[in-house]
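*Asks:* Below is the file entry.cif, with mmCIF, C-alpha atoms.
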```
data_coords
loop_
_atom_site.label_atom_id
_atom_site.label_comp_id
_atom_site.auth_asym_id
_atom_site.auth_seq_id
_atom_site.Cartn_x
_atom_site.Cartn_y
_atom_site.Cartn_z
CA MET A 1 136.04 166.54 107.10
CA MET A 2 136.12 166.47 103.27
CA VAL A 3 132.75 164.69 103.26
CA HIS A 4 131.47 167.01 105.99
CA ARG A 5 132.25 170.10 103.92
CA ARG A 6 130.60 168.70 100.80
CA LEU A 7 127.46 167.81 102.74
CA LYS A 8 127.30 171.25 104.35
CA GLN A 9 127.30 172.78 100.85
CA ALA A 10 124.52 170.41 99.78
CA LEU A 11 122.56 171.29 102.93
CA HIS A 12 122.71 174.98 102.00
CA THR A 13 121.38 174.30 98.49
CA ARG A 14 119.05 171.48 99.68
CA THR A 15 120.55 169.13 97.08
CA PRO A 16 119.55 165.45 97.47
CA ILE A 17 122.52 163.20 98.29
CA LEU A 18 123.47 159.66 97.32
CA LEU A 19 126.22 158.12 99.45
CA SER A 20 127.93 155.01 98.12
CA GLY A 21 131.23 153.31 98.84
CA TYR A 22 132.29 151.81 102.15
CA GLN A 23 131.91 152.11 105.90
CA MET A 24 133.76 155.26 106.94
CA GLY A 25 134.80 156.59 110.32
CA GLY A 26 134.80 160.08 111.71
CA GLY A 27 132.06 161.87 113.62
CA PRO A 28 131.74 164.99 111.40
CA SER A 29 130.73 163.08 108.26
CA ALA A 30 128.08 161.07 110.14
CA TRP A 31 126.75 164.16 111.90
CA ALA A 32 126.37 166.00 108.59
CA ILE A 33 124.50 163.05 107.04
CA GLU A 34 122.06 162.97 109.96
CA GLU A 35 121.63 166.77 109.80
CA MET A 36 120.59 166.53 106.14
CA ALA A 37 118.04 163.84 106.92
CA ARG A 38 116.59 165.90 109.79
CA ALA A 39 116.27 168.86 107.41
CA GLY A 40 114.03 166.76 105.15
CA ILE A 41 116.54 166.58 102.30
CA PRO A 42 116.47 163.20 100.53
CA VAL A 43 119.47 161.10 101.56
CA TYR A 44 120.15 157.76 99.87
CA MET A 45 122.82 155.31 101.03
CA THR A 46 123.98 151.95 99.75
CA PRO A 47 124.08 149.24 102.45
CA SER A 48 127.87 149.22 102.82
CA ALA A 49 128.02 153.02 103.08
CA ALA A 50 125.10 153.06 105.54
CA THR A 51 127.07 151.05 108.10
CA THR A 52 129.01 154.30 108.61
CA LEU A 53 126.07 155.33 110.79
CA ASN A 54 125.12 152.00 112.30
CA ASP A 55 125.72 148.33 111.55
CA GLU A 56 121.98 147.76 112.07
CA LEU A 57 120.47 149.21 108.89
CA ASP A 58 116.95 149.47 110.32
CA LYS A 59 118.30 152.08 112.73
CA VAL A 60 119.74 154.00 109.78
CA GLU A 61 116.37 153.93 108.04
CA ALA A 62 114.75 155.17 111.26
CA LEU A 63 116.74 158.38 110.78
CA GLY A 64 114.83 159.01 107.55
CA ILE A 65 117.59 157.74 105.28
CA HIS A 66 116.72 155.60 102.26
CA ILE A 67 118.79 152.40 101.88
CA VAL A 68 119.11 151.53 98.20
CA SER A 69 120.64 148.60 96.32
CA ASP A 70 123.15 149.11 93.53
CA ASP A 71 120.38 148.55 90.96
CA GLU A 72 118.13 151.12 92.65
CA ARG A 73 121.04 153.51 92.98
CA ARG A 74 121.55 153.65 89.20
CA LYS A 75 117.94 154.76 88.69
CA ILE A 76 118.13 157.73 91.10
CA LYS A 77 118.34 161.04 89.24
CA ASP A 78 119.18 164.62 90.18
CA VAL A 79 121.34 163.81 93.22
CA GLU A 80 124.90 164.58 94.17
CA GLU A 81 126.81 161.35 94.72
CA LEU A 82 129.64 161.03 97.22
CA GLU A 83 131.75 157.93 97.74
CA LEU A 84 132.66 157.16 101.34
CA ARG A 85 136.02 155.58 102.11
CA ASP A 86 138.66 155.97 104.81
CA PHE A 87 141.53 155.20 102.47
CA ASP A 88 141.90 156.38 98.86
CA PHE A 89 145.23 155.11 97.57
CA ASN A 90 144.71 156.47 94.06
CA LEU A 91 144.15 159.99 95.37
CA ILE A 92 147.16 159.78 97.71
CA SER A 93 149.34 158.35 94.96
CA LYS A 94 148.27 161.05 92.51
CA THR A 95 148.99 163.77 95.07
CA PHE A 96 152.48 162.43 95.76
CA ASN A 97 153.10 162.02 92.05
CA ASP A 98 152.25 165.69 91.49
CA TYR A 99 155.16 166.47 93.82
CA GLY A 100 157.49 164.13 91.93
CA VAL A 101 157.28 161.23 94.43
CA SER A 102 156.30 157.85 93.02
CA LEU A 103 154.44 155.28 95.14
CA LYS A 104 154.81 152.47 92.60
CA ASP A 105 157.61 150.60 94.39
CA LEU A 106 156.28 150.02 97.91
CA GLY A 107 157.15 147.22 100.33
CA ALA A 108 153.85 147.60 102.19
CA ILE A 109 151.07 150.03 103.05
CA ALA A 110 149.91 150.41 106.65
CA VAL A 111 146.66 152.09 107.73
CA ALA A 112 145.22 152.63 111.21
CA VAL A 113 141.56 153.30 112.04
CA PHE A 114 139.42 153.00 115.15
CA ASP A 115 136.98 150.09 114.97
CA HIS A 116 134.26 149.34 117.54
CA GLY A 117 133.55 146.04 115.83
CA ASN A 118 130.18 144.85 114.58
CA ALA A 119 128.30 144.06 117.77
CA PRO A 120 125.30 141.72 117.42
CA ALA A 121 121.88 143.30 117.88
CA GLY A 122 121.18 144.01 121.53
CA ILE A 123 124.87 143.88 122.54
CA SER A 124 126.61 147.08 123.67
CA ASP A 125 129.28 148.10 121.17
CA ARG A 126 131.35 149.31 124.13
CA GLN A 127 131.23 145.90 125.78
CA PHE A 128 131.74 144.16 122.44
CA ARG A 129 134.92 146.13 121.77
CA PHE A 130 136.32 145.29 125.19
CA ASP A 131 135.58 141.62 124.79
CA TYR A 132 137.56 141.85 121.56
CA LEU A 133 140.48 143.63 123.28
CA ASP A 134 140.51 140.94 125.97
CA GLU A 135 140.56 138.15 123.37
CA ARG A 136 143.41 139.73 121.43
CA ILE A 137 145.56 140.40 124.50
CA LYS A 138 145.09 136.85 125.77
CA ALA A 139 145.95 135.46 122.33
CA LYS A 140 149.06 137.60 121.89
CA ASN A 141 150.12 139.86 124.74
CA SER A 142 151.55 142.60 122.57
CA LEU A 143 150.41 145.90 121.12
CA SER A 144 151.05 144.47 117.67
CA ALA A 145 148.20 142.00 118.36
CA PHE A 146 145.91 144.75 117.04
CA ALA A 147 147.50 144.74 113.57
CA TYR A 148 146.60 142.38 110.73
CA LEU A 149 147.44 141.61 107.16
CA SER A 150 144.41 142.50 105.06
CA ASN A 151 143.46 138.85 104.49
CA ASP A 152 143.60 138.06 108.24
CA ILE A 153 141.14 140.69 109.53
CA PRO A 154 138.56 139.23 111.94
CA LYS A 155 135.07 139.29 110.41
CA ILE A 156 133.72 141.32 113.33
CA MET A 157 136.10 144.24 112.60
CA THR A 158 134.04 145.76 109.83
CA ARG A 159 135.78 149.12 109.60
CA LEU A 160 139.19 147.50 109.28
CA GLN A 161 137.68 145.29 106.57
CA SER A 162 136.23 148.33 104.82
CA VAL A 163 139.71 149.80 104.57
CA ALA A 164 140.90 146.60 102.92
CA ASP A 165 137.86 146.51 100.62
CA SER A 166 138.43 150.10 99.51
CA ALA A 167 142.10 149.37 98.81
CA SER A 168 141.75 146.44 96.44
CA GLY A 169 144.38 146.22 93.73
CA LEU A 170 147.25 147.65 95.76
CA PRO A 171 150.77 146.99 94.45
CA CYS A 172 151.93 145.57 97.79
CA PRO A 173 150.68 143.99 101.07
CA LEU A 174 148.28 146.00 103.24
CA VAL A 175 148.49 146.06 107.06
CA VAL A 176 145.62 147.52 109.11
CA MET A 177 145.72 148.36 112.81
CA ASP A 178 143.73 149.94 115.63
CA THR A 179 144.78 153.55 116.20
CA ALA A 180 145.43 153.75 119.95
CA PRO A 181 147.73 150.69 120.21
CA ALA A 182 149.64 152.09 117.23
CA ALA A 183 150.13 155.43 119.00
CA VAL A 184 151.22 153.76 122.25
CA LEU A 185 153.62 151.48 120.38
CA GLY A 186 155.05 154.49 118.55
CA ALA A 187 155.47 156.50 121.76
CA ASP A 188 157.83 153.79 122.98
CA PHE A 189 160.42 154.99 120.44
CA ASP A 190 160.95 158.12 122.53
CA PRO A 191 164.33 157.41 124.21
CA ALA A 192 163.09 158.40 127.67
CA VAL A 193 160.10 156.07 127.32
CA ALA A 194 162.07 153.21 125.78
CA GLN A 195 164.45 152.96 128.73
CA ARG A 196 161.55 152.22 131.11
CA LYS A 197 160.78 148.50 131.45
CA ALA A 198 157.48 149.26 133.19
CA LYS A 199 155.34 152.22 132.16
CA ILE A 200 151.83 153.56 131.75
CA VAL A 201 151.13 155.20 128.39
CA CYS A 202 147.97 157.26 127.92
CA ASN A 203 146.73 158.19 124.45
CA VAL A 204 144.28 161.11 124.71
CA GLY A 205 142.46 160.96 121.39
CA ASN A 206 139.82 163.23 119.92
CA PHE A 207 137.00 160.85 120.86
CA HIS A 208 138.60 158.02 122.87
CA THR A 209 141.21 157.96 125.62
CA LEU A 210 143.10 154.70 126.18
CA ALA A 211 145.79 153.94 128.72
CA PHE A 212 147.96 150.85 128.60
CA ARG A 213 149.98 149.61 131.55
CA LEU A 214 153.02 147.84 130.10
CA GLY A 215 155.55 145.57 131.79
CA GLU A 216 158.36 143.22 130.78
CA LYS A 217 155.86 140.47 129.89
CA GLY A 218 153.56 142.71 127.87
CA ILE A 219 150.22 144.36 128.62
CA GLU A 220 149.34 144.37 132.34
CA GLY A 221 146.17 146.43 132.09
CA VAL A 222 144.18 148.79 129.88
CA PHE A 223 141.19 151.10 130.09
CA GLU A 224 139.29 153.06 127.48
CA HIS A 225 136.97 156.01 128.01
CA HIS A 226 135.32 158.64 125.85
CA THR A 227 137.45 161.78 125.94
CA GLY A 228 134.38 164.01 126.03
CA GLU A 229 133.13 162.29 129.20
CA ILE A 230 136.24 162.87 131.33
CA ASP A 231 138.26 165.69 132.81
CA LEU A 232 141.78 165.56 134.17
CA PRO A 233 140.88 164.67 137.79
CA LYS A 234 138.75 161.75 136.57
CA LEU A 235 141.48 160.62 134.18
CA GLU A 236 144.17 160.75 136.86
CA SER A 237 141.92 158.79 139.22
CA LEU A 238 141.57 156.07 136.57
CA LEU A 239 145.33 156.06 136.00
CA ARG A 240 145.97 155.59 139.72
CA ALA A 241 143.53 152.68 139.84
CA LEU A 242 145.23 151.18 136.76
CA ALA A 243 148.56 151.52 138.55
CA ASP A 244 147.56 149.92 141.87
CA GLY A 245 145.52 147.14 140.23
CA SER A 246 142.18 148.18 141.72
CA LEU A 247 140.56 149.33 138.48
CA LYS A 248 137.41 147.42 137.58
CA HIS A 249 135.64 147.16 134.25
CA GLU A 250 132.39 148.53 135.66
CA ASP A 251 134.20 151.62 137.01
CA VAL A 252 134.65 152.75 133.41
CA PHE A 253 131.74 151.05 131.64
CA ASN A 254 129.11 152.43 134.04
CA ASP A 255 130.56 155.91 133.51
CA MET A 256 129.78 155.72 129.75
CA GLY A 257 133.29 154.54 128.92
CA HIS A 258 134.27 151.33 127.17
CA GLY A 259 135.78 149.48 130.11
CA ALA A 260 138.93 148.18 131.76
CA LEU A 261 140.98 145.00 131.86
CA MET A 262 143.57 144.05 134.48
CA TYR A 263 146.07 141.24 134.01
CA SER A 264 148.30 141.92 137.02
CA ASN A 265 147.68 142.38 140.74
CA GLU A 266 151.10 143.88 141.29
CA LYS A 267 151.34 147.56 142.07
CA PHE A 268 152.90 150.02 139.66
CA GLU A 269 154.48 152.74 141.79
CA PHE A 270 154.32 156.40 140.88
CA GLY A 271 156.88 158.92 142.11
CA LYS A 272 159.96 156.70 141.65
CA ASP A 273 161.33 158.28 138.47
CA ASP A 274 161.32 161.56 136.59
CA PHE A 275 157.73 161.12 135.39
CA ASP A 276 154.69 159.00 136.22
CA VAL A 277 152.70 158.63 133.01
CA VAL A 278 153.65 158.87 129.34
CA VAL A 279 151.17 161.00 127.37
CA THR A 280 150.46 161.12 123.66
CA GLY A 281 147.48 161.95 121.45
CA PRO A 282 145.93 165.06 119.86
CA ARG A 283 144.21 166.14 123.10
CA ARG A 284 147.22 165.66 125.33
CA SER A 285 146.87 169.30 126.39
CA MET A 286 144.41 167.98 128.98
CA PHE A 287 147.53 167.32 131.06
CA ALA A 288 148.99 170.79 130.46
CA LEU A 289 147.60 172.32 133.64
CA SER A 290 149.27 173.87 136.61
CA GLN A 291 150.34 171.67 139.50
CA LYS A 292 147.46 172.97 141.61
CA GLU A 293 144.90 171.99 138.97
CA ARG A 294 146.24 168.45 138.64
CA GLU A 295 146.18 165.57 141.07
CA ASN A 296 150.01 165.61 141.06
CA LEU A 297 150.68 162.89 138.51
CA ARG A 298 153.71 164.00 136.52
CA PRO A 299 153.19 163.58 132.76
CA TYR A 300 155.87 163.08 130.16
CA PHE A 301 154.85 164.11 126.65
CA ALA A 302 156.40 161.54 124.34
CA VAL A 303 158.13 162.89 121.22
CA PRO A 304 159.41 159.90 119.24
CA PHE A 305 161.91 161.20 116.68
CA GLY A 306 160.91 164.72 117.68
CA ASP A 307 157.32 164.47 116.43
CA MET A 308 154.52 163.54 118.81
CA MET A 309 151.69 163.80 116.28
CA ILE A 310 152.90 160.92 114.12
CA ALA A 311 153.63 158.53 116.99
CA GLY A 312 150.96 156.27 115.51
CA CYS A 313 152.83 156.15 112.20
CA PHE A 314 155.97 154.90 113.97
CA GLY A 315 153.85 152.31 115.79
CA LEU A 316 152.33 151.20 112.49
CA LEU A 317 155.82 150.75 111.05
CA ALA A 318 156.92 148.65 114.02
CA ALA A 319 153.83 146.43 113.84
CA THR A 320 154.23 146.04 110.08
CA ALA A 321 157.83 144.94 110.57
CA GLU A 322 156.59 142.22 112.92
CA ILE A 323 153.83 141.04 110.59
CA LEU A 324 156.04 141.14 107.49
CA PRO A 325 159.41 139.72 108.65
CA GLU A 326 161.06 140.51 105.31
CA LEU A 327 160.70 144.20 106.20
CA ALA A 328 161.94 143.85 109.78
CA GLU A 329 165.59 144.58 109.14
CA PRO A 330 165.23 147.85 107.21
CA VAL A 331 162.26 149.16 109.22
CA LEU A 332 163.44 148.31 112.74
CA GLY A 333 167.03 149.15 111.85
CA SER A 334 165.88 152.63 110.93
CA LEU A 335 163.59 153.07 113.92
CA ARG A 336 165.98 151.74 116.54
CA SER A 337 169.19 153.29 115.33
CA GLY A 338 168.00 156.79 116.15
CA ARG A 339 170.22 158.02 113.32
CA GLY A 340 169.89 158.54 109.60
CA ARG A 341 172.26 157.24 106.96
CA GLY A 342 174.57 160.18 107.49
CA VAL A 343 174.06 161.17 103.87
CA ALA A 344 172.31 164.39 102.87
CA PRO A 345 169.25 163.86 100.64
CA TRP A 346 170.88 165.69 97.74
CA ASP A 347 173.94 163.41 97.94
CA GLY A 348 172.02 160.13 98.22
#
```
As structure tokens, please, write out the structure in this file.
*Replies:*
Amino acid sequence: MMVHRRLKQALHTRTPILLSGYQMGGGPSAWAIEEMARAGIPVYMTPSAATTLNDELDKVEALGIHIVSDDERRKIKDVEELELRDFDFNLISKTFNDYGVSLKDLGAIAVAVFDHGNAPAGISDRQFRFDYLDERIKAKNSLSAFAYLSNDIPKIMTRLQSVADSASGLPCPLVVMDTAPAAVLGADFDPAVAQRKAKIVCNVGNFHTLAFRLGEKGIEGVFEHHTGEIDLPKLESLLRALADGSLKHEDVFNDMGHGALMYSNEKFEFGKDDFDVVVTGPRRSMFALSQKERENLRPYFAVPFGDMMIAGCFGLLAATAEILPELAEPVLGSLRSGRGRGVAPWDG
């Protein structure tokens, strides 16, 4: 949104733009870049920044955007330059420091972003992402399978790598993770959710909706759809198919979603407990309809530590504790105790 606002100002004044930096996520920034190009305003992008729009740079050039090398970039005059990056540690550190909080003594930094992966030319990025999910789940049947130390990021996960590239020189290890698994993992710290051995957790994100079916042995199934392509009846239908094991990849993929994976033929039964599906995510209000408007699935809105909107942060902490065992005791001890130190901040 910061980039979006700057570009909207440049659009009004018709100021040429040079975009450098790294691959960056977020629809609004990309939409504003494309709007400037359509308006005939010169837009220049370095190759790494241009992958924000598409990993295939010829498709970026087809939008009317000029791809320039670093040498060419230095020769361009009379443009406003913006650096793209998902993670700016120096800015965050400076902001905290202005409030008297130092970030110099950190055990780790953890960042979550959504990454489609760099699909080869001619391969659907939706299918490519689901092939990646399948590979990760089969390799390590755990939500933390989608978290990596910065030097272990798969080459195909270019947005995760861009976070690491933009964060060089950090004073501590960096962990990066996919957003939805982080949110689902964090939701499990809600006491009502944690006591369930088997559960379905649905993260209704701004652009993507993912639901994981979880059992004692790990992930039993998952589907991912575009939030803008579904309504509540469609979502509940998918959740029922995920529960009874009948959900097929093509049911979601052919409906402009990403797809589905099933690892269990056993039936997950609704109606046995106080709620049927655990819900988290910024667009969870999709479930906040009257009983007549819904298909009768009973949602439970997870509130780990009383704050639903940072469920992903708690999930990031848990995954980081697994990846960096030296942090496991303090991090998991804090998360699982459900209690603070019993000491007021001003007495600590």
*Asks:* Near A:Leu133, within 10 Å and counting all atoms listed in the file, which residues show up once chain neighbours fewer than 3 positions away are dropped, as a list in words?
*Replies:*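 Close residues of A:Leu133: Gln127, Phe128, Arg129, Phe130, Arg136, Ile137, Lys138, Ala139, Ala145, Phe146, Val222, Ala260 and Leu261 of chain A.
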*Asks:* Give the answer as one residue: which of A:Ile67, A:Val60, A:Met286, A:Ala194 has the shortest atom-to-atom distance to A:Asp231, using all atoms listed in the file?
*Replies:*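 Of A:Ile67, A:Val60, A:Met286, A:Ala194, the one nearest A:Asp231, counting all atoms listed in the file, is A:Met286.
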*Asks:* Do a neighbour search on A:Glu266 at 10 Å with only C-alpha atoms, toss out local chain neighbours closer than 2 positions, and write the hits as a list of chain:residue names.
*Replies:*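 Result of the neighbour search: A:Glu220, A:Ala243, A:Asp244, A:Gly245, A:Ser246, A:Tyr263, A:Ser264, A:Phe268, A:Glu269.
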*Asks:* Could you jot down the atom CA of A:Ser69 to atom CA of A:Thr46 separation for me, Å, one decimal place?
*Replies:*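 Taking atom CA of A:Ser69 and atom CA of A:Thr46, their separation equals 5.8 Å.
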*Asks:* Which residues, named as in the file, does the PyMOL selection byres ((chain A and resi 306-318) around 7) pick out? Answer as a PyMOL selection string.
*Replies:* chain A and resi 110+179+182-183+185-187+280-282+302-305+319-322+331-332
*Asks:* Using the chain letters and residue numbers of this document, give as a compact mmCIF listing (two decimals) with C-alpha atoms, in the coordinates of the input the residues selected by the PyMOL selection byres ((chain A and resi 203-207) around 12).
*Replies:*
```txt
# COMPACT_ATOMS: atom_id res chain seq x y z
CA GLY A 25 134.80 156.59 110.32
CA GLY A 26 134.80 160.08 111.71
CA GLY A 27 132.06 161.87 113.62
CA PRO A 28 131.74 164.99 111.40
CA PHE A 114 139.42 153.00 115.15
CA THR A 179 144.78 153.55 116.20
CA ALA A 180 145.43 153.75 119.95
CA PRO A 181 147.73 150.69 120.21
CA ALA A 182 149.64 152.09 117.23
CA ALA A 183 150.13 155.43 119.00
CA VAL A 184 151.22 153.76 122.25
CA LEU A 185 153.62 151.48 120.38
CA GLY A 186 155.05 154.49 118.55
CA ALA A 187 155.47 156.50 121.76
CA ILE A 200 151.83 153.56 131.75
CA VAL A 201 151.13 155.20 128.39
CA CYS A 202 147.97 157.26 127.92
CA HIS A 208 138.60 158.02 122.87
CA THR A 209 141.21 157.96 125.62
CA LEU A 210 143.10 154.70 126.18
CA ALA A 211 145.79 153.94 128.72
CA PHE A 212 147.96 150.85 128.60
CA ARG A 213 149.98 149.61 131.55
CA VAL A 222 144.18 148.79 129.88
CA PHE A 223 141.19 151.10 130.09
CA GLU A 224 139.29 153.06 127.48
CA HIS A 225 136.97 156.01 128.01
CA HIS A 226 135.32 158.64 125.85
CA THR A 227 137.45 161.78 125.94
CA GLY A 228 134.38 164.01 126.03
CA GLU A 229 133.13 162.29 129.20
CA ILE A 230 136.24 162.87 131.33
CA ASP A 231 138.26 165.69 132.81
CA LEU A 232 141.78 165.56 134.17
CA LEU A 235 141.48 160.62 134.18
CA LEU A 239 145.33 156.06 136.00
CA GLY A 257 133.29 154.54 128.92
CA HIS A 258 134.27 151.33 127.17
CA VAL A 277 152.70 158.63 133.01
CA VAL A 278 153.65 158.87 129.34
CA VAL A 279 151.17 161.00 127.37
CA THR A 280 150.46 161.12 123.66
CA GLY A 281 147.48 161.95 121.45
CA PRO A 282 145.93 165.06 119.86
CA ARG A 283 144.21 166.14 123.10
CA ARG A 284 147.22 165.66 125.33
CA SER A 285 146.87 169.30 126.39
CA MET A 286 144.41 167.98 128.98
CA PHE A 287 147.53 167.32 131.06
CA PRO A 299 153.19 163.58 132.76
CA TYR A 300 155.87 163.08 130.16
CA PHE A 301 154.85 164.11 126.65
CA ALA A 302 156.40 161.54 124.34
CA MET A 308 154.52 163.54 118.81
CA MET A 309 151.69 163.80 116.28
CA ALA A 311 153.63 158.53 116.99
CA GLY A 312 150.96 156.27 115.51
```
*Asks:* So which residues get picked by the PyMOL selection byres ((chain A and resi 47) around 10) here, written as a PDB file with C-alpha atoms, in the frame of the given file?
*Replies:*
```pdb
ATOM      1  CA  LEU A  19     126.220 158.120  99.450  1.00  0.00           C
ATOM      2  CA  SER A  20     127.930 155.010  98.120  1.00  0.00           C
ATOM      3  CA  GLY A  21     131.230 153.310  98.840  1.00  0.00           C
ATOM      4  CA  TYR A  22     132.290 151.810 102.150  1.00  0.00           C
ATOM      5  CA  GLN A  23     131.910 152.110 105.900  1.00  0.00           C
ATOM      6  CA  TYR A  44     120.150 157.760  99.870  1.00  0.00           C
ATOM      7  CA  MET A  45     122.820 155.310 101.030  1.00  0.00           C
ATOM      8  CA  THR A  46     123.980 151.950  99.750  1.00  0.00           C
ATOM      9  CA  SER A  48     127.870 149.220 102.820  1.00  0.00           C
ATOM     10  CA  ALA A  49     128.020 153.020 103.080  1.00  0.00           C
ATOM     11  CA  ALA A  50     125.100 153.060 105.540  1.00  0.00           C
ATOM     12  CA  THR A  51     127.070 151.050 108.100  1.00  0.00           C
ATOM     13  CA  THR A  52     129.010 154.300 108.610  1.00  0.00           C
ATOM     14  CA  ASP A  55     125.720 148.330 111.550  1.00  0.00           C
ATOM     15  CA  GLU A  56     121.980 147.760 112.070  1.00  0.00           C
ATOM     16  CA  LEU A  57     120.470 149.210 108.890  1.00  0.00           C
ATOM     17  CA  VAL A  60     119.740 154.000 109.780  1.00  0.00           C
ATOM     18  CA  HIS A  66     116.720 155.600 102.260  1.00  0.00           C
ATOM     19  CA  ILE A  67     118.790 152.400 101.880  1.00  0.00           C
ATOM     20  CA  VAL A  68     119.110 151.530  98.200  1.00  0.00           C
ATOM     21  CA  SER A  69     120.640 148.600  96.320  1.00  0.00           C
ATOM     22  CA  ASP A  70     123.150 149.110  93.530  1.00  0.00           C
TER      23      ASP A  70
END
```
*Asks:* Please, what distance in Å, to one decimal, runs between atom CA of A:Ile153 and atom CA of A:Arg336?
*Replies:*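 That distance, rounded to one decimal, is 28.1 Å.
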*Asks:* Rounded to one decimal place, report the atom CA of A:Ser29-atom CA of A:Val3 distance in Å.
*Replies:*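 Between atom CA of A:Ser29 and atom CA of A:Val3 the gap works out to 5.6 Å.
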*Asks:* Could you please give me, as an mmCIF file with C-alpha atoms, in the frame of the given file, the residues of protein, DNA or RNA lying at most 7 Å from (137.4, 142.9, 118.3) in the coordinate frame of the file, considering all atoms listed in the file?
*Replies:*
```cif
data_model
loop_
_atom_site.group_PDB
_atom_site.id
_atom_site.type_symbol
_atom_site.label_atom_id
_atom_site.label_comp_id
_atom_site.auth_asym_id
_atom_site.auth_seq_id
_atom_site.Cartn_x
_atom_site.Cartn_y
_atom_site.Cartn_z
ATOM 1 C CA GLY A 117 133.550 146.040 115.830
ATOM 2 C CA ARG A 129 134.920 146.130 121.770
ATOM 3 C CA ASP A 131 135.580 141.620 124.790
ATOM 4 C CA TYR A 132 137.560 141.850 121.560
ATOM 5 C CA LEU A 133 140.480 143.630 123.280
ATOM 6 C CA ILE A 156 133.720 141.320 113.330
ATOM 7 C CA MET A 157 136.100 144.240 112.600
#
```
*Asks:* Between A:Glu236, A:Asp255, A:Asp58, A:Asp105, which one has atoms that come closest to A:Leu297, using all atoms listed in the file?
*Replies:*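 Looking only at the distances to A:Leu297, the closest residue turns out to be A:Glu236.
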*Asks:* Given all atoms listed in the file as the basis, pick out the residue of A:Glu35, A:Leu91, A:Lys267, A:Gln9 nearest to A:Leu103.
*Replies:*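 The closest residue to A:Leu103 is A:Leu91.
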*Asks:* So, counting only C-alpha atoms, which residue among A:Gly100, A:Gly40, A:Met256, A:Leu106 is closest to A:Ser124?
*Replies:*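 Of A:Gly100, A:Gly40, A:Met256, A:Leu106, the one nearest A:Ser124 is A:Met256, counting only C-alpha atoms.
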*Asks:* Just checking: using only C-alpha atoms, which residue out of A:Gly107, A:Gly271, A:Pro154, A:Pro233 ends up closest to A:Pro330?
*Replies:*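 Going through A:Gly107, A:Gly271, A:Pro154, A:Pro233 one by one, the smallest distance to A:Pro330 is for A:Gly107.
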*Asks:* Measuring atom to atom with all atoms listed in the file, identify which of A:Asn296, A:Ser144, A:Gln195, A:Asn90 is nearest to A:Arg240.
*Replies:*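 Closest residue, counting all atoms listed in the file: A:Asn296.
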*Asks:* Residues proximal to (140.2, 144.6, 99.2) were defined as those with any atom within 12 Å of that point in the file's coordinates, counting only C-alpha atoms. Which are they, as JSON, numbers by chain?
*Replies:* {"A": [22, 87, 88, 89, 149, 150, 151, 152, 153, 160, 161, 162, 163, 164, 165, 166, 167, 168, 169, 170, 171, 172, 173, 174, 175, 176]}
*Asks:* Start from the incomplete input, build N, CA and C atoms for stretch 328-339 of chain A, and deliver everything as a tab-separated table (two decimals), in the frame of the given file.
*Replies:*
```tsv
chain	number	residue	atom	x	y	z
A	328	ALA	N	161.49	143.57	108.41
A	328	ALA	CA	161.94	143.85	109.78
A	328	ALA	C	163.30	144.54	109.82
A	329	GLU	N	164.24	144.03	109.06
A	329	GLU	CA	165.59	144.58	109.14
A	329	GLU	C	165.65	146.05	108.73
A	330	PRO	N	165.14	146.43	107.56
A	330	PRO	CA	165.23	147.85	107.21
A	330	PRO	C	164.36	148.75	108.08
A	331	VAL	N	163.15	148.30	108.44
A	331	VAL	CA	162.26	149.16	109.22
A	331	VAL	C	162.77	149.33	110.65
A	332	LEU	N	163.01	148.21	111.35
A	332	LEU	CA	163.44	148.31	112.74
A	332	LEU	C	164.86	148.86	112.84
A	333	GLY	N	165.69	148.56	111.85
A	333	GLY	CA	167.03	149.15	111.85
A	333	GLY	C	166.97	150.66	111.79
A	334	SER	N	166.04	151.18	111.01
A	334	SER	CA	165.88	152.63	110.93
A	334	SER	C	165.28	153.21	112.20
A	335	LEU	N	164.26	152.55	112.73
A	335	LEU	CA	163.59	153.07	113.92
A	335	LEU	C	164.48	153.01	115.16
A	336	ARG	N	165.23	151.94	115.30
A	336	ARG	CA	165.98	151.74	116.54
A	336	ARG	C	167.36	152.37	116.53
A	337	SER	N	167.85	152.71	115.36
A	337	SER	CA	169.19	153.29	115.33
A	337	SER	C	169.20	154.70	115.89
A	338	GLY	N	168.06	155.41	115.68
A	338	GLY	CA	168.00	156.79	116.15
A	338	GLY	C	168.82	157.72	115.28
A	339	ARG	N	169.39	157.21	114.20
A	339	ARG	CA	170.22	158.02	113.32
A	339	ARG	C	169.83	157.75	111.88
```
